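Heads up, target.csv below (CSV, C-alpha atoms):
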```csv
chain,number,residue,atom,x,y,z
A,3,MET,CA,15.3,69.0,-77.2
A,4,GLN,CA,17.6,72.1,-77.1
A,5,THR,CA,20.2,72.3,-74.3
A,6,LEU,CA,20.8,75.7,-72.8
A,7,LYS,CA,24.4,76.8,-72.9
A,8,LYS,CA,25.8,77.8,-69.5
A,9,ARG,CA,26.7,81.5,-69.4
A,10,THR,CA,30.4,81.9,-68.9
A,11,THR,CA,30.9,85.7,-69.2
A,12,TYR,CA,29.0,88.8,-67.8
A,13,SER,CA,29.1,92.4,-68.8
A,14,ILE,CA,30.2,94.9,-66.2
A,15,GLY,CA,26.5,95.8,-65.4
A,16,GLU,CA,25.5,92.1,-65.0
A,17,PHE,CA,28.6,91.4,-63.0
A,18,ALA,CA,28.1,94.4,-60.7
A,19,SER,CA,24.5,93.3,-60.0
A,20,LEU,CA,25.6,89.7,-59.3
A,21,VAL,CA,28.2,90.8,-56.7
A,22,GLY,CA,26.2,93.7,-55.2
A,23,LEU,CA,28.5,96.5,-56.3
A,24,SER,CA,28.1,99.4,-58.7
A,25,ALA,CA,29.9,99.4,-62.1
A,26,PRO,CA,32.0,102.4,-60.9
A,27,THR,CA,33.1,100.4,-57.9
A,28,ILE,CA,34.0,97.5,-60.2
A,29,ARG,CA,36.1,99.9,-62.3
A,30,TYR,CA,37.7,101.2,-59.1
A,31,TYR,CA,38.6,97.7,-58.0
A,32,GLU,CA,40.2,97.1,-61.4
A,33,ARG,CA,42.2,100.3,-61.2
A,34,GLU,CA,43.4,99.4,-57.8
A,35,GLY,CA,44.6,96.0,-59.0
A,36,LEU,CA,42.1,94.0,-56.9
A,37,LEU,CA,40.3,92.6,-60.0
A,38,LYS,CA,41.4,92.0,-63.5
A,39,ALA,CA,38.7,92.2,-66.2
A,40,HIS,CA,38.8,90.2,-69.3
A,41,ARG,CA,38.0,91.8,-72.7
A,42,ASP,CA,35.7,90.5,-75.3
A,43,SER,CA,36.3,90.9,-79.1
A,44,SER,CA,35.0,94.5,-78.9
A,45,GLU,CA,37.4,95.3,-76.0
A,46,ARG,CA,34.5,95.5,-73.5
A,47,ARG,CA,35.0,94.3,-70.0
A,48,VAL,CA,33.7,90.8,-69.3
A,49,PHE,CA,33.8,88.8,-66.1
A,50,THR,CA,33.4,85.1,-65.3
A,51,ASP,CA,32.0,83.0,-62.5
A,52,VAL,CA,35.6,82.7,-61.1
A,53,ASP,CA,35.6,86.6,-60.9
A,54,ILE,CA,32.3,86.5,-59.0
A,55,LYS,CA,33.8,84.1,-56.4
A,56,TRP,CA,36.9,86.3,-56.1
A,57,VAL,CA,35.1,89.5,-55.6
A,58,LYS,CA,32.8,87.9,-53.0
A,59,PHE,CA,35.9,86.7,-51.1
A,60,LEU,CA,37.3,90.3,-51.3
A,61,LEU,CA,34.1,91.6,-49.9
A,62,HIS,CA,34.3,89.2,-47.0
A,63,LEU,CA,37.8,90.5,-46.2
A,64,LYS,CA,36.6,94.1,-46.7
A,65,GLY,CA,33.7,93.3,-44.4
A,66,THR,CA,36.1,92.4,-41.6
A,67,GLY,CA,37.6,95.9,-41.9
A,68,MET,CA,40.5,95.1,-44.1
A,69,SER,CA,41.7,98.2,-45.8
A,70,ILE,CA,42.1,98.7,-49.5
A,71,ASN,CA,45.8,98.9,-49.1
A,72,ASP,CA,45.9,95.5,-47.2
A,73,LEU,CA,43.6,94.0,-49.8
A,74,LYS,CA,46.0,95.2,-52.5
A,75,GLN,CA,48.9,93.7,-50.6
A,76,TYR,CA,47.1,90.4,-50.2
A,77,VAL,CA,46.4,90.3,-54.0
A,78,THR,CA,50.0,91.1,-54.7
A,79,TRP,CA,51.2,88.3,-52.5
A,80,ARG,CA,48.6,85.9,-53.9
A,81,ALA,CA,49.9,86.6,-57.4
A,82,MET,CA,53.5,85.8,-56.3
A,83,GLY,CA,52.6,82.2,-55.4
A,84,ASP,CA,52.8,79.9,-52.4
A,85,GLU,CA,56.0,81.3,-51.1
A,86,THR,CA,54.0,84.2,-49.8
A,87,ILE,CA,51.6,82.1,-47.8
A,88,PRO,CA,53.3,83.0,-44.5
A,89,ASN,CA,52.8,86.7,-45.4
A,90,ARG,CA,49.2,86.2,-46.3
A,91,LEU,CA,48.5,84.2,-43.2
A,92,ALA,CA,50.0,86.9,-41.0
A,93,LEU,CA,47.9,89.5,-42.7
A,94,LEU,CA,44.7,87.5,-42.3
A,95,LYS,CA,45.5,86.8,-38.6
A,96,ASN,CA,46.2,90.5,-37.9
A,97,THR,CA,42.9,91.4,-39.7
A,98,LYS,CA,41.1,88.8,-37.5
A,99,THR,CA,42.6,90.2,-34.3
A,100,ASP,CA,41.6,93.8,-35.3
A,101,PHE,CA,38.1,92.6,-36.3
A,102,MET,CA,37.6,90.7,-33.1
A,103,ASN,CA,38.5,93.8,-31.1
A,104,GLN,CA,36.0,95.9,-33.1
A,105,TYR,CA,33.4,93.1,-32.7
A,106,ARG,CA,33.8,93.1,-28.9
A,107,GLU,CA,33.4,96.9,-28.9
A,108,VAL,CA,30.3,96.7,-31.0
A,109,GLN,CA,28.9,94.0,-28.7
A,110,HIS,CA,29.5,96.2,-25.7
A,111,HIS,CA,27.8,99.2,-27.4
A,112,LEU,CA,24.8,96.9,-28.2
A,113,GLN,CA,24.7,95.8,-24.6
A,114,ILE,CA,24.6,99.4,-23.4
A,115,LEU,CA,21.9,100.2,-25.9
A,116,ASN,CA,19.8,97.2,-24.7
A,117,ASP,CA,20.3,98.3,-21.1
A,118,LYS,CA,19.1,101.8,-21.9
A,119,ILE,CA,16.0,100.3,-23.6
A,120,ASN,CA,15.4,98.1,-20.6
A,121,TRP,CA,15.9,101.1,-18.3
A,122,TYR,CA,13.3,103.1,-20.2
A,123,GLU,CA,10.8,100.2,-20.4
A,124,ALA,CA,11.2,99.6,-16.6
A,125,LYS,CA,10.5,103.3,-16.1
A,126,GLU,CA,7.4,103.1,-18.3
A,127,THR,CA,6.0,100.2,-16.4
A,128,GLY,CA,6.9,101.5,-13.0
A,129,ASN,CA,9.4,98.6,-12.3
A,130,ASN,CA,12.3,100.9,-11.8
A,131,GLN,CA,13.1,103.5,-9.2
A,132,ASP,CA,12.1,106.9,-10.6
A,133,SER,CA,15.1,108.6,-9.2
A,134,GLU,CA,17.7,106.0,-10.3
A,135,ALA,CA,20.0,107.6,-12.9
A,136,PHE,CA,21.0,105.5,-15.9
A,137,ALA,CA,24.7,105.6,-14.8
A,138,ASP,CA,23.6,104.1,-11.4
A,139,TYR,CA,21.5,101.5,-13.3
A,140,LEU,CA,24.6,100.5,-15.4
A,141,LYS,CA,26.7,100.3,-12.2
A,142,ARG,CA,24.1,98.1,-10.6
A,143,LEU,CA,24.3,95.8,-13.6
A,144,GLY,CA,28.0,95.5,-13.3
A,145,HIS,CA,29.2,98.0,-16.0
A,146,THR,CA,32.3,99.9,-15.1
A,147,GLU,CA,31.9,103.1,-17.2
```

How would this structure read if it were set down as structure tokens?
Amino acid sequence: MQTLKKRTTYSIGEFASLVGLSAPTIRYYEREGLLKAHRDSSERRVFTDVDIKWVKFLLHLKGTGMSINDLKQYVTWRAMGDETIPNRLALLKNTKTDFMNQYREVQHHLQILNDKINWYEAKETGNNQDSEAFADYLKRLGHTE
């Protein structure tokens, strides 16, 4: 019985597909120092499973709103070793604070959207006063804007 060899490297196209990015974005990340490609014997970029995990982590940070400059700073500090853990921790905590503020704002926008939908639905079914303005409706619900 033949044993399948586990794949250890991926071309840029395969890698891009696995991490959900385009090949040009992978090249951009490499130019910006966020990712270091390995080279095969033909000098083509190749990536590993470790690279997949790293990029997915970077995408989580990016998803919180961390800027490319902050990502670059994080990568620089990470490469410098454990003495930069306080710097990295502070950066991550600041990112979390910013993200939570944005998250609360998005939640508020969603609440207003839901209230507008409910207001229209109540008008359609006749369960709302025809003359009540949306601003008055929001005020009645406890919104302050």

Emit as JSON the padded axis-aligned box for all listed atoms of range 87-93 of chain A, 8 Å per side, with centre and edge lengths in Å to one decimal.
```
{"center_x": 50.6, "center_y": 85.8, "center_z": -44.4, "size_x": 21.4, "size_y": 23.4, "size_z": 22.8}
```

Next on the checklist: If I take CA of Ser19 in chain A and CA of Leu73 in chain A, how far is one from the other in Å, to one decimal?
Outcome noted: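 Between these atoms lies a distance of 21.7 Å.
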
Next on the checklist: At a cut-off of 12 Å, using all atoms listed in the file, what residues contact range 10-18 of chain A? Leave out same-chain residues fewer than 6 positions from it and give the result as a list in words.
Outcome noted: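 The residues that qualify are Ser24, Ala25, Pro26, Thr27, Ile28, Arg29, Tyr30, Tyr31, Glu32, Lys38, Ala39, His40, Arg41, Asp42, Ser44, Glu45, Arg46, Arg47, Val48, Phe49, Thr50, Asp51, Val52, Asp53, Ile54, Lys55, Trp56, Val57 and Lys58 of chain A.
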
Checklist entry - How many Å lie between CA of Lys64 in chain A and CA of Ile114 in chain A, rounded to one decimal? => result 26.7 Å

Checklist outcome for this item: In Å and to one decimal, CA of Gly144 in chain A is distant from CA of Ile119 in chain A by 16.5 Å

Checklist entry - Using only C-alpha atoms, which residue out of A:His62, A:Arg90, A:Lys95, A:Lys118 lies closest to Phe136 in chain A? => result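 Going through A:His62, A:Arg90, A:Lys95, A:Lys118 one by one, the smallest distance to Phe136 in chain A is for A:Lys118.
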
Item to check | 7 Å contact set for range 96-107 of chain A, only C-alpha atoms, chain neighbours under 3 positions out, as number ranges by chain | outcome: A: 66-68, 92-93, 110-111

Item to check | 10 Å contact set for Asp117 in chain A, only C-alpha atoms, chain neighbours under 5 positions out, as a ChimeraX atom specification | outcome: /A:111-112,122-123,136,139-140,143

Item to check | Which residue of A:Val21, A:Ala137, A:Leu94, A:Ala81 approaches Leu63 in chain A most closely, using only C-alpha atoms | outcome: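 Selected residue with least distance to Leu63 in chain A: A:Leu94.
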